[in-house]
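Report on one structure; see the data block that follows.
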Amino acid sequence: MSEERRSDRSSYLLVSTLLLSGALMLVAACASTQSLSTAEQLSCLLAGVRSSDRVRQEASIEDLGKIGAPAAAAVPVLASLLARSRDDVELSRAILISLERIGPTAAPALPAILRALIANAELEEAVADTVRALRAEGERQALEVLNNDSDWRVRRLAAEMLADSPVVVGEVNEVLIRAVADERHALVRQAILRTLGQRGVAGALPVLVRALNSDEWQVAVQASQSLTKMGAVGAAALEAALHGSNRAASLAVAEVMPANLAKSRSKDARAALLSKWRLALTDQQDVLRVAALRAIAKLGRDAVSAARTELSRLLTDPSSDVQEAAEETLALLDEPL
């Protein structure tokens with residue numbers, strides 16, 4: 001072997017020895033982090049999080065949680081690992097617990113937290129605990145997610161978590177009201193409307209009324225449900241829609257009305273509603289035919305008897321849902337007086 005090659009080999013061995021020695025020193029130092037500064041602890045624990053040794057990785061994740069808020073610098077690493085661990089429920093749960101313990105400073109991890117729930121329904125409880133721990137910072141992050149995330153499923157979860165938000169009311173309400181108009185996905189709009197109802201946002205009344213007249217059935221029904229929580233003004237809006245010319249909106253209101261709807265209506269009012277809802281029995285949309293059947297049932301036995309011929313035709317409707325609803329409605333005629 002030439003002198004030059006021996007020199008290169010010696011250099012290589014020296015470097016390898018130094019690297020190994022440094023790594024061993026780091027491992028030894030990290031074995032007991034109590035005497036280290038927070039920055040040194042984080043450095044050690046982050047190396048552990050990135051480790052391929054599962055035991056060390058889980059221990060490091062747990063220890064980061066024990067540090068609490070000062071471990072905020074570790075949040076991006078934990079969020080990244082959470083995103084890559086969607087098929088690993090136990091590791092995901094360990095990360096969520098750590099983020100929960102870190103608290104509000106872990107709010108930037110919210111998108112990854114919500115995506116973890118989408119990937120694994122088993123994490124629902126852990127995600128809920130973590131989201132609660134994020135407090136106001138979490139809700140502010142949720143507003144950002146609602147406005148900007150590309151995944152409608154994540155936006156929907158963000159809207160739902162704002163239902164009981166402790167953030168300054170005006171800030172959240174303004175974003176939610178604007179988001180109804182800006183959001184293009186029906187299921188996200190439903191979530192926003194549900195949250196507006198739960199929060200009882202008086203300024204949302206015009207938005208809810210517009211949604212009640214939506215061409216998307218579930219959006220209209222959710223708007224009706226939210227209006228039931230808006231006090232007298234909500235009740236007035238529901239009454240106006242129930243007796244208005246928009247059949248779909250009227251049926252959406254009927255969906256959230258009590259089963260004994262007939263008892264609170266005059267004979268003339270019941271007749272007018274029946275006349276309007278009978279027309280919906282031939283609507284092209286299955287969901288509206290089903291809704292019309294349920295609404296007529298709420299008008300009582302006399303209304304069902306008056307519409308018996310049309311209802312009977314629906315027993316052979318192409319839609320099994322319509323058939324089932326027709327059977328249930330006609331069964332009212334067999335009940336004892």
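The way I read the labels, and the way they are meant: chains A, B, ... in the order of the structure tokens, residue 1 as the first residue of every chain, and ligand 1 as the first ligand shown, with later ones counted on from there.
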
Set the distance at 8 Å and use only C-alpha atoms: which residues neighbour stretch 249-263 of chain A once local chain neighbours fewer than 4 positions away are removed? I'd like the list as a JSON list (two decimals) with C-alpha atoms, in the first residue's frame.
[["chain", "number", "residue", "atom", "x", "y", "z"],
["A", 212, "LEU", "CA", -81.85, 28.57, 3.28],
["A", 213, "ASN", "CA", -82.70, 29.33, -0.34],
["A", 214, "SER", "CA", -79.68, 27.42, -1.64],
["A", 217, "TRP", "CA", -80.46, 20.63, -0.10],
["A", 220, "ALA", "CA", -80.57, 24.64, 3.10],
["A", 221, "VAL", "CA", -81.46, 22.19, 5.87],
["A", 224, "SER", "CA", -82.81, 26.03, 8.84],
["A", 225, "GLN", "CA", -81.28, 24.18, 11.78],
["A", 238, "LEU", "CA", -88.22, 30.26, 9.37],
["A", 241, "ALA", "CA", -89.61, 30.58, 4.42],
["A", 242, "LEU", "CA", -92.11, 27.90, 5.48],
["A", 243, "HIS", "CA", -94.98, 29.81, 3.90],
["A", 244, "GLY", "CA", -92.94, 31.36, 1.07],
["A", 245, "SER", "CA", -92.99, 30.51, -2.62],
["A", 270, "ARG", "CA", -102.27, 23.54, 6.65],
["A", 277, "TRP", "CA", -95.79, 20.23, -0.81],
["A", 288, "LEU", "CA", -87.09, 16.63, -2.32],
["A", 291, "ALA", "CA", -88.71, 15.66, 2.12],
["A", 292, "ALA", "CA", -92.21, 16.30, 0.77],
["A", 294, "ARG", "CA", -91.98, 13.68, 5.57],
["A", 295, "ALA", "CA", -93.41, 17.18, 5.56],
["A", 298, "LYS", "CA", -96.09, 16.24, 9.88],
["A", 299, "LEU", "CA", -99.36, 17.82, 8.76],
["A", 300, "GLY", "CA", -101.18, 14.80, 10.16]]

A:Ser60, A:Asn246, A:Ser226, A:Thr282: which is nearest A:Leu42, counting only C-alpha atoms? A:Ser60

Nearby residues (only C-alpha atoms) at most 12 Å from A:Ala136, same-chain spacing under 4 positions excluded, as an MDAnalysis selection string: chainID A and resid 103:107 131:132 140:143 161:162 164:169 171:172

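Atom to atom, atom CA of A:Ser35 and atom CA of A:Arg50 stand 22.1 Å apart.
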
Excluding stretch 108-118 of chain A and any residue of its chain fewer than 5 positions from it, enumerate the residues within 10 Å of it, using only C-alpha atoms, and give them as a ChimeraX atom specification. /A:72,75-87,89,92-93,95-96,99,123-128,130-131,134,137-142,144-145,149,151,153-158

Take the residues from that selection and put them in a file with N, CA and C atoms, as a compact mmCIF listing (two decimals), in the first residue's frame.
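Everything below was put into again.txt:
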# COMPACT_ATOMS: atom_id res chain seq x y z
N ALA A 72 -41.48 24.84 21.92
CA ALA A 72 -42.15 25.33 20.71
C ALA A 72 -41.29 25.13 19.46
N VAL A 75 -41.99 22.04 17.43
CA VAL A 75 -43.31 21.83 16.83
C VAL A 75 -43.23 21.52 15.34
N PRO A 76 -42.45 22.25 14.53
CA PRO A 76 -42.39 21.90 13.10
C PRO A 76 -41.92 20.48 12.84
N VAL A 77 -40.97 20.01 13.65
CA VAL A 77 -40.46 18.64 13.48
C VAL A 77 -41.54 17.63 13.85
N LEU A 78 -42.25 17.89 14.96
CA LEU A 78 -43.32 16.99 15.38
C LEU A 78 -44.45 16.98 14.36
N ALA A 79 -44.79 18.15 13.83
CA ALA A 79 -45.86 18.25 12.83
C ALA A 79 -45.48 17.48 11.57
N SER A 80 -44.22 17.61 11.16
CA SER A 80 -43.76 16.90 9.97
C SER A 80 -43.81 15.39 10.19
N LEU A 81 -43.39 14.95 11.36
CA LEU A 81 -43.42 13.51 11.67
C LEU A 81 -44.86 13.02 11.73
N LEU A 82 -45.75 13.83 12.28
CA LEU A 82 -47.17 13.46 12.35
C LEU A 82 -47.74 13.28 10.95
N ALA A 83 -47.36 14.16 10.04
CA ALA A 83 -47.84 14.06 8.66
C ALA A 83 -47.33 12.80 7.97
N ARG A 84 -46.14 12.35 8.35
CA ARG A 84 -45.57 11.16 7.72
C ARG A 84 -45.99 9.87 8.41
N SER A 85 -46.69 9.98 9.53
CA SER A 85 -47.01 8.80 10.34
C SER A 85 -48.49 8.46 10.33
N ARG A 86 -49.19 8.81 9.27
CA ARG A 86 -50.64 8.65 9.24
C ARG A 86 -51.08 7.20 9.36
N ASP A 87 -50.22 6.29 8.96
CA ASP A 87 -50.58 4.86 9.05
C ASP A 87 -50.15 4.26 10.38
N VAL A 89 -50.89 4.63 14.04
CA VAL A 89 -51.81 5.25 15.01
C VAL A 89 -51.12 5.53 16.33
N SER A 92 -48.68 8.41 16.07
CA SER A 92 -49.46 9.64 15.91
C SER A 92 -50.06 10.08 17.23
N ARG A 93 -50.57 9.12 18.00
CA ARG A 93 -51.15 9.45 19.30
C ARG A 93 -50.09 10.02 20.24
N ILE A 95 -47.41 11.67 19.41
CA ILE A 95 -47.10 13.03 18.96
C ILE A 95 -48.18 14.00 19.40
N LEU A 96 -49.44 13.59 19.26
CA LEU A 96 -50.56 14.45 19.65
C LEU A 96 -50.51 14.77 21.15
N LEU A 99 -47.83 17.35 21.67
CA LEU A 99 -48.29 18.67 21.21
C LEU A 99 -49.30 19.26 22.20
N LEU A 123 -58.15 8.45 16.25
CA LEU A 123 -57.45 9.53 16.94
C LEU A 123 -58.38 10.66 17.37
N GLU A 124 -59.68 10.47 17.22
CA GLU A 124 -60.63 11.56 17.47
C GLU A 124 -60.46 12.15 18.87
N GLU A 125 -60.38 11.31 19.89
CA GLU A 125 -60.27 11.80 21.26
C GLU A 125 -58.94 12.54 21.47
N ALA A 126 -57.86 11.97 20.97
CA ALA A 126 -56.54 12.60 21.12
C ALA A 126 -56.48 13.93 20.40
N VAL A 127 -57.08 13.99 19.21
CA VAL A 127 -57.11 15.24 18.45
C VAL A 127 -57.93 16.29 19.20
N ALA A 128 -59.08 15.88 19.73
CA ALA A 128 -59.94 16.82 20.47
C ALA A 128 -59.20 17.39 21.67
N THR A 130 -55.97 17.68 22.05
CA THR A 130 -54.89 18.54 21.57
C THR A 130 -55.42 19.89 21.11
N VAL A 131 -56.52 19.87 20.37
CA VAL A 131 -57.12 21.11 19.88
C VAL A 131 -57.54 22.01 21.04
N LEU A 134 -54.74 23.97 22.55
CA LEU A 134 -54.19 25.07 21.74
C LEU A 134 -54.84 26.41 22.09
N GLU A 137 -54.82 30.50 20.50
CA GLU A 137 -53.89 30.42 19.38
C GLU A 137 -54.34 29.37 18.37
N GLY A 138 -54.95 28.32 18.86
CA GLY A 138 -55.46 27.29 17.98
C GLY A 138 -56.61 27.79 17.12
N GLU A 139 -57.49 28.58 17.73
CA GLU A 139 -58.61 29.10 16.96
C GLU A 139 -58.16 30.12 15.92
N ARG A 140 -57.15 30.91 16.28
CA ARG A 140 -56.62 31.85 15.28
C ARG A 140 -55.98 31.09 14.11
N GLN A 141 -55.34 30.00 14.44
CA GLN A 141 -54.77 29.16 13.38
C GLN A 141 -55.89 28.53 12.55
N ALA A 142 -57.00 28.19 13.20
CA ALA A 142 -58.14 27.61 12.49
C ALA A 142 -58.72 28.59 11.47
N GLU A 144 -56.99 30.77 9.87
CA GLU A 144 -56.05 30.73 8.76
C GLU A 144 -56.29 29.50 7.89
N VAL A 145 -56.52 28.37 8.54
CA VAL A 145 -56.80 27.13 7.81
C VAL A 145 -58.08 27.25 7.00
N ASP A 149 -56.46 26.65 3.49
CA ASP A 149 -56.06 25.27 3.25
C ASP A 149 -56.70 24.73 1.96
N ASP A 151 -57.36 21.60 1.24
CA ASP A 151 -58.15 20.39 1.45
C ASP A 151 -59.47 20.75 2.13
N ARG A 153 -61.65 18.97 3.45
CA ARG A 153 -61.89 18.22 4.68
C ARG A 153 -61.24 18.90 5.88
N VAL A 154 -60.07 19.46 5.65
CA VAL A 154 -59.37 20.18 6.72
C VAL A 154 -60.11 21.48 7.03
N ARG A 155 -60.59 22.17 6.00
CA ARG A 155 -61.35 23.41 6.22
C ARG A 155 -62.62 23.12 7.00
N ARG A 156 -63.27 22.00 6.69
CA ARG A 156 -64.50 21.65 7.42
C ARG A 156 -64.21 21.42 8.90
N LEU A 157 -63.15 20.69 9.21
CA LEU A 157 -62.80 20.46 10.61
C LEU A 157 -62.43 21.75 11.31
N ALA A 158 -61.76 22.66 10.59
CA ALA A 158 -61.41 23.95 11.18
C ALA A 158 -62.67 24.74 11.53

For A:Ala303, the nearest of the candidates A:Gln285, A:Ser98, A:Ser319, A:Ser275, counting only C-alpha atoms: A:Ser275
